[in-house]
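Source file: coords-v3.cif. Holds: mmCIF, C-alpha atoms.
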data_query
loop_
_atom_site.label_atom_id
_atom_site.label_comp_id
_atom_site.auth_asym_id
_atom_site.auth_seq_id
_atom_site.Cartn_x
_atom_site.Cartn_y
_atom_site.Cartn_z
CA MET A 1 12.96 -23.31 10.72
CA SER A 2 15.32 -25.12 8.39
CA SER A 3 18.86 -23.67 8.31
CA LYS A 4 18.96 -24.56 4.60
CA SER A 5 16.06 -22.30 3.70
CA GLY A 6 16.55 -18.90 2.13
CA SER A 7 14.70 -15.82 3.29
CA ILE A 8 11.83 -13.80 1.86
CA PHE A 9 12.81 -10.12 1.88
CA LEU A 10 9.87 -7.72 1.78
CA ILE A 11 11.12 -4.84 -0.38
CA PRO A 12 9.16 -1.56 -0.35
CA SER A 13 9.13 0.53 -3.50
CA THR A 14 8.53 4.20 -4.14
CA LEU A 15 4.96 5.52 -4.06
CA GLY A 16 5.37 7.18 -7.45
CA ASP A 17 7.97 8.73 -9.71
CA THR A 18 10.38 9.82 -7.00
CA LEU A 19 14.05 9.01 -6.48
CA PRO A 20 14.43 5.74 -4.53
CA GLU A 21 17.29 7.19 -2.47
CA LYS A 22 14.90 9.86 -1.17
CA VAL A 23 12.66 7.34 0.61
CA LEU A 24 14.64 4.09 0.91
CA PRO A 25 17.68 3.30 3.08
CA ALA A 26 21.01 2.35 1.53
CA TYR A 27 20.75 -1.14 3.02
CA ASN A 28 17.83 -1.91 0.70
CA PHE A 29 19.94 -1.13 -2.37
CA GLN A 30 22.78 -3.32 -1.11
CA LEU A 31 20.46 -6.24 -0.45
CA ILE A 32 18.67 -5.98 -3.81
CA GLN A 33 21.99 -6.48 -5.61
CA GLN A 34 22.36 -9.89 -3.97
CA LEU A 35 19.03 -11.28 -5.18
CA ASP A 36 18.33 -13.32 -8.32
CA VAL A 37 14.67 -14.16 -7.58
CA PHE A 38 11.79 -11.69 -7.22
CA ILE A 39 8.05 -11.96 -6.71
CA VAL A 40 6.43 -8.93 -8.34
CA GLU A 41 3.01 -7.63 -9.27
CA GLU A 42 3.89 -6.20 -12.67
CA LEU A 43 7.07 -7.14 -14.56
CA ARG A 44 7.72 -3.89 -16.42
CA THR A 45 7.41 -1.56 -13.43
CA ALA A 46 9.38 -3.96 -11.23
CA ARG A 47 12.30 -4.00 -13.68
CA ARG A 48 12.21 -0.21 -13.95
CA PHE A 49 12.29 0.14 -10.16
CA LEU A 50 15.19 -2.31 -9.82
CA ARG A 51 17.25 -0.40 -12.40
CA LYS A 52 16.57 2.84 -10.50
CA CYS A 53 17.95 1.11 -7.43
CA GLY A 54 21.16 0.25 -9.27
CA TYR A 55 20.38 -3.40 -9.97
CA ASN A 56 22.81 -4.34 -12.74
CA LYS A 57 22.25 -8.07 -13.23
CA ASP A 58 20.96 -9.44 -16.51
CA PHE A 59 17.16 -9.67 -16.37
CA GLU A 60 17.34 -12.67 -18.72
CA THR A 61 18.99 -14.66 -15.93
CA THR A 62 16.84 -13.18 -13.14
CA THR A 63 13.73 -15.09 -12.09
CA PHE A 64 10.50 -13.11 -11.83
CA HIS A 65 7.29 -14.64 -10.46
CA ILE A 66 4.15 -12.61 -11.22
CA LEU A 67 1.71 -12.20 -8.33
CA ASN A 68 -1.53 -10.29 -8.86
CA GLU A 69 -5.28 -10.74 -8.35
CA HIS A 70 -5.35 -13.35 -11.14
CA THR A 71 -2.65 -15.60 -9.64
CA ALA A 72 -3.93 -18.90 -8.22
CA GLU A 73 -2.89 -19.77 -4.67
CA ASN A 74 -1.41 -23.06 -5.88
CA ASP A 75 0.90 -21.10 -8.17
CA VAL A 76 1.98 -18.83 -5.31
CA PHE A 77 3.15 -21.87 -3.34
CA SER A 78 5.59 -22.70 -6.14
CA PHE A 79 7.05 -19.18 -5.93
CA LEU A 80 8.68 -20.27 -2.68
CA ASP A 81 10.57 -23.17 -4.29
CA GLN A 82 13.85 -21.24 -4.51
CA ALA A 83 13.57 -20.08 -0.90
CA ARG A 84 12.85 -23.62 0.26
CA SER A 85 16.01 -24.76 -1.52
CA GLY A 86 18.15 -22.07 0.15
CA GLN A 87 17.96 -19.12 -2.27
CA ASP A 88 16.91 -15.72 -0.97
CA THR A 89 13.86 -14.17 -2.67
CA GLY A 90 12.64 -10.58 -2.85
CA LEU A 91 8.94 -9.77 -2.57
CA LEU A 92 8.52 -6.42 -4.30
CA SER A 93 5.48 -4.18 -3.91
CA GLU A 94 4.09 -2.25 -6.86
CA ALA A 95 3.96 0.83 -4.61
CA GLY A 96 4.83 1.19 -0.96
CA CYS A 97 5.19 -1.74 1.41
CA PRO A 98 4.60 -5.39 0.43
CA ALA A 99 1.63 -7.15 2.03
CA ILE A 100 -0.03 -3.88 3.11
CA ALA A 101 -3.14 -3.49 0.91
CA ASP A 102 -1.11 -5.66 -1.44
CA PRO A 103 -1.38 -9.27 -2.71
CA GLY A 104 2.03 -10.10 -1.23
CA SER A 105 0.39 -10.98 2.09
CA LEU A 106 -0.34 -14.46 0.70
CA VAL A 107 3.38 -15.03 0.07
CA VAL A 108 4.17 -14.03 3.64
CA LYS A 109 1.45 -16.33 5.01
CA LEU A 110 2.77 -19.30 3.03
CA ALA A 111 6.36 -18.51 4.01
CA HIS A 112 5.48 -18.71 7.71
CA GLU A 113 3.56 -21.94 7.17
CA ASN A 114 6.65 -23.44 5.53
CA GLY A 115 9.19 -22.24 8.08
CA ILE A 116 10.79 -19.71 5.74
CA ARG A 117 12.30 -16.63 7.36
CA VAL A 118 10.47 -13.38 6.54
CA VAL A 119 12.44 -10.10 6.65
CA PRO A 120 10.50 -6.82 6.27
CA LEU A 121 12.61 -3.88 5.06
CA SER A 122 12.08 -0.20 5.78
CA GLY A 123 10.32 1.98 3.24
CA PRO A 124 7.39 4.30 2.55
CA SER A 125 3.81 3.42 3.41
CA SER A 126 1.18 5.91 2.27
CA ILE A 127 -1.19 4.67 4.98
CA ILE A 128 1.21 5.25 7.87
CA MET A 129 2.64 8.46 6.40
CA ALA A 130 -0.87 9.86 5.94
CA LEU A 131 -1.68 9.03 9.57
CA MET A 132 1.56 10.68 10.68
CA GLY A 133 0.69 13.85 8.79
CA SER A 134 -3.00 14.00 9.70
CA GLY A 135 -2.79 15.15 13.30
CA PHE A 136 -5.24 12.36 14.23
CA ASN A 137 -5.07 9.66 16.90
CA GLY A 138 -2.05 7.53 16.05
CA GLN A 139 -2.43 5.34 19.12
CA ASN A 140 -5.70 3.68 18.05
CA PHE A 141 -6.66 3.41 14.41
CA SER A 142 -8.35 1.09 11.92
CA PHE A 143 -7.60 0.57 8.24
CA HIS A 144 -10.57 -0.46 6.08
CA GLY A 145 -8.92 -0.78 2.68
CA TYR A 146 -11.43 -0.11 -0.08
CA LEU A 147 -15.02 0.80 0.77
CA PRO A 148 -18.00 -0.41 -1.32
CA VAL A 149 -18.02 0.84 -4.92
CA LYS A 150 -21.73 1.65 -5.20
CA ALA A 151 -22.75 4.97 -3.63
CA PRO A 152 -25.62 3.73 -1.37
CA GLU A 153 -23.49 0.99 0.18
CA ARG A 154 -20.48 3.31 0.41
CA ASN A 155 -22.50 6.02 2.17
CA LYS A 156 -23.87 3.46 4.61
CA LYS A 157 -20.36 2.20 5.39
CA ILE A 158 -19.08 5.73 5.97
CA ARG A 159 -21.93 6.40 8.43
CA GLU A 160 -21.02 3.19 10.26
CA ILE A 161 -17.38 4.27 10.40
CA GLU A 162 -18.34 7.69 11.73
CA ARG A 163 -20.52 6.19 14.48
CA ASP A 164 -17.70 3.89 15.56
CA MET A 165 -15.20 6.74 15.41
CA MET A 166 -17.38 8.91 17.64
CA ARG A 167 -17.79 6.05 20.13
CA THR A 168 -14.15 4.92 20.34
CA GLY A 169 -12.07 7.92 19.29
CA GLU A 170 -10.15 5.75 16.81
CA THR A 171 -8.84 7.17 13.56
CA HIS A 172 -10.38 5.39 10.57
CA ILE A 173 -8.37 5.11 7.36
CA PHE A 174 -9.46 3.98 3.88
CA ILE A 175 -8.40 4.27 0.27
CA GLU A 176 -10.01 4.37 -3.15
CA ALA A 177 -9.06 3.76 -6.77
CA PRO A 178 -7.79 7.16 -7.96
CA TYR A 179 -10.44 7.54 -10.65
CA ARG A 180 -13.15 7.27 -7.93
CA ASN A 181 -11.58 9.73 -5.48
CA ASN A 182 -14.02 12.52 -6.25
CA HIS A 183 -16.98 10.18 -5.74
CA MET A 184 -15.51 9.12 -2.40
CA LEU A 185 -15.24 12.71 -1.24
CA GLU A 186 -18.85 13.36 -2.30
CA SER A 187 -19.98 10.42 -0.18
CA ILE A 188 -17.97 11.56 2.85
CA LEU A 189 -19.40 15.08 2.69
CA LEU A 190 -22.91 13.69 2.34
CA ALA A 191 -22.65 11.03 5.06
CA CYS A 192 -20.66 12.75 7.81
CA GLY A 193 -21.59 15.44 10.31
CA ASN A 194 -20.11 18.92 10.04
CA ASP A 195 -17.89 18.50 13.12
CA THR A 196 -16.24 15.29 11.94
CA MET A 197 -12.60 15.78 11.00
CA LEU A 198 -11.40 14.65 7.56
CA CYS A 199 -7.83 14.40 6.29
CA ILE A 200 -7.14 13.90 2.60
CA ALA A 201 -3.54 12.89 1.82
CA SER A 202 -2.56 12.65 -1.85
CA ASN A 203 0.67 11.76 -3.65
CA ILE A 204 2.49 11.06 -0.41
CA SER A 205 6.29 11.55 -0.71
CA LEU A 206 6.03 13.07 -4.22
CA SER A 207 6.88 16.64 -5.19
CA ASP A 208 3.19 17.64 -5.28
CA GLU A 209 2.29 15.93 -2.00
CA SER A 210 -0.85 17.32 -0.36
CA ILE A 211 -2.04 16.64 3.20
CA ILE A 212 -5.04 18.70 4.34
CA THR A 213 -6.96 18.24 7.62
CA ALA A 214 -10.18 20.16 8.32
CA PRO A 215 -13.71 19.63 9.67
CA ILE A 216 -16.37 18.50 7.22
CA ALA A 217 -18.05 21.92 7.40
CA ARG A 218 -14.91 23.55 6.02
CA TRP A 219 -14.44 20.88 3.34
CA LYS A 220 -17.95 21.66 2.09
CA LYS A 221 -16.90 25.26 1.44
CA MET A 222 -13.62 24.42 -0.29
CA ASN A 223 -14.95 23.04 -3.59
CA PHE A 224 -11.95 20.69 -3.37
CA GLN A 225 -11.48 17.66 -5.62
CA PRO A 226 -8.63 15.20 -5.03
CA GLY A 227 -8.64 14.13 -8.67
CA LYS A 228 -6.97 11.00 -9.96
CA LYS A 229 -4.06 10.90 -7.54
CA PRO A 230 -3.24 8.05 -5.13
CA THR A 231 -5.08 9.24 -2.04
CA VAL A 232 -5.65 8.18 1.56
CA PHE A 233 -8.77 9.32 3.44
CA LEU A 234 -8.83 9.58 7.24
CA LEU A 235 -11.73 10.35 9.60
CA SER A 236 -11.44 11.41 13.24
CA ARG A 237 -13.44 13.27 15.87
#
Let me see the file written as structure tokens.
Amino acid sequence: MSSKSGSIFLIPSTLGDTLPEKVLPAYNFQLIQQLDVFIVEELRTARRFLRKCGYNKDFETTTFHILNEHTAENDVFSFLDQARSGQDTGLLSEAGCPAIADPGSLVVKLAHENGIRVVPLSGPSSIIMALMGSGFNGQNFSFHGYLPVKAPERNKKIREIERDMMRTGETHIFIEAPYRNNHMLESILLACGNDTMLCIASNISLSDESIITAPIARWKKMNFQPGKKPTVFLLSR
């Protein structure tokens, strides 16, 4: 690793409209003040988050690189130019931890390939916090990200997950776009056996946080709908 290279700091953000000091350590705020280059998913929300963290530099002189699903990999390589020349760069997640169900993983991959130091910072992760609060197996677990959008394929995938869960005892974790949460729950209740355990964790770390664990049979009686809230689904035996 070149001693002249800067570092890529992986900066977690809040999971919603909560005070940063409630979920982030003071060290993160101190480090953010030192940075002039950021890689972000959405400029407006990134600037708002930085101001909440006390960032007081002029945004007109701060460099922001936009990284989302439309960004070409060749463009991402150029985002590391400042780090290669010795300037520290912050990789900022839109919500939670960078590179976890987040496009920032490509930045981290390229940084390692180019001998640039990568420094992950502490912060909230809805996936890990949901697992912590579920009461499920935290020793062995799998994260599937998003399941298929169409109901037949989604139901089939859930049945596959349940079979594997029953065989191995692993906790299986997945997420969904908030506007499809209710459809996801419908598929889970249709596909899974009554004894399978389901945890639904919504709005983690926010004032209306909800973490509920119960067998499928009980969920069927609840008439519960997660609604359009950021939600993590977990299955266990």
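Here CA of Arg167 (chain A) is placed at a distance of 15.4 Å from CA of Gln139 (chain A).
A straight line drawn from CA of Ile39 (chain A) to CA of Ala201 (chain A) is 28.7 Å long.
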*Do you know which residues are at most 7 Å from region 7-21 of chain A counting only C-alpha atoms, after dropping those on the same chain fewer than 5 positions away, and could you put them as an MDAnalysis selection string?*
chainID A and resid 52:53 83 88:98 116:124 206
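As for CA of Ile200 (chain A) and CA of Arg159 (chain A), they are spaced 17.6 Å apart.
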Interface rows for region 38-151 of chain A against region 232-237 of chain A: nearest pair, Å to one decimal, 9 Å, only C-alpha atoms, as a tab-separated table:
residue	atom	partner	partner_atom	distance
A:Ser126	CA	A:Val232	CA	7.2
A:Ile127	CA	A:Val232	CA	6.6
A:Ala130	CA	A:Val232	CA	6.7
A:Leu131	CA	A:Leu234	CA	7.5
A:Ser134	CA	A:Leu234	CA	7.7
A:Phe136	CA	A:Ser236	CA	6.4
A:Asn137	CA	A:Ser236	CA	7.6
*On this file, the PyMOL selection byres ((chain A and resi 71) around 12) gives some set of residues; write that set as a PyMOL selection string.*
chain A and resi 39-42+65-70+72-79+103-104+106-107
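Closest to Ile32 (chain A) among A:Ser187, A:Ser5, A:Thr62, A:Ser202 is A:Thr62, based on only C-alpha atoms.
If you measure from each of A:Phe38, A:Leu185, A:Arg218, A:Ile211 to Gly133 (chain A) using only C-alpha atoms, the closest one turns out to be A:Ile211.
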Report the residues retrieved by the PyMOL selection byres ((chain A and resi 145-153) around 9) from the displayed file, expressed as an mmCIF file with C-alpha atoms, in the frame of the given file.
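Dumped everything to result_35.cif:
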data_model
loop_
_atom_site.group_PDB
_atom_site.id
_atom_site.type_symbol
_atom_site.label_atom_id
_atom_site.label_comp_id
_atom_site.auth_asym_id
_atom_site.auth_seq_id
_atom_site.Cartn_x
_atom_site.Cartn_y
_atom_site.Cartn_z
ATOM 1 C CA ALA A 101 -3.140 -3.490 0.910
ATOM 2 C CA PHE A 143 -7.600 0.570 8.240
ATOM 3 C CA HIS A 144 -10.570 -0.460 6.080
ATOM 4 C CA ARG A 154 -20.480 3.310 0.410
ATOM 5 C CA ASN A 155 -22.500 6.020 2.170
ATOM 6 C CA LYS A 156 -23.870 3.460 4.610
ATOM 7 C CA LYS A 157 -20.360 2.200 5.390
ATOM 8 C CA ILE A 158 -19.080 5.730 5.970
ATOM 9 C CA ILE A 173 -8.370 5.110 7.360
ATOM 10 C CA PHE A 174 -9.460 3.980 3.880
ATOM 11 C CA ILE A 175 -8.400 4.270 0.270
ATOM 12 C CA GLU A 176 -10.010 4.370 -3.150
ATOM 13 C CA ALA A 177 -9.060 3.760 -6.770
ATOM 14 C CA ARG A 180 -13.150 7.270 -7.930
ATOM 15 C CA HIS A 183 -16.980 10.180 -5.740
ATOM 16 C CA MET A 184 -15.510 9.120 -2.400
ATOM 17 C CA SER A 187 -19.980 10.420 -0.180
#
*For the file shown, report as a list in words the outcome of the PyMOL selection byres ((chain A and resi 221-226) around 9) at residue level.*
Pro178, Asn181, Asn182, Leu185, Ile200, Ala201, Ser202, Ile216, Ala217, Arg218, Trp219, Lys220, Gly227, Lys228, Lys229, Pro230 and Thr231 of chain A
*Within 9 Å of Gly138 (chain A), counting all atoms listed in the file, which residues qualify if same-chain residues fewer than 5 places away don't, as a ChimeraX atom specification?*
/A:131-132,170-171
File of the preceding selection, C-alpha atoms, as an mmCIF file, keeping the file's coordinate frame:
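File produced: again39.cif:
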data_model
loop_
_atom_site.group_PDB
_atom_site.id
_atom_site.type_symbol
_atom_site.label_atom_id
_atom_site.label_comp_id
_atom_site.auth_asym_id
_atom_site.auth_seq_id
_atom_site.Cartn_x
_atom_site.Cartn_y
_atom_site.Cartn_z
ATOM 1 C CA LEU A 131 -1.680 9.030 9.570
ATOM 2 C CA MET A 132 1.560 10.680 10.680
ATOM 3 C CA GLU A 170 -10.150 5.750 16.810
ATOM 4 C CA THR A 171 -8.840 7.170 13.560
#
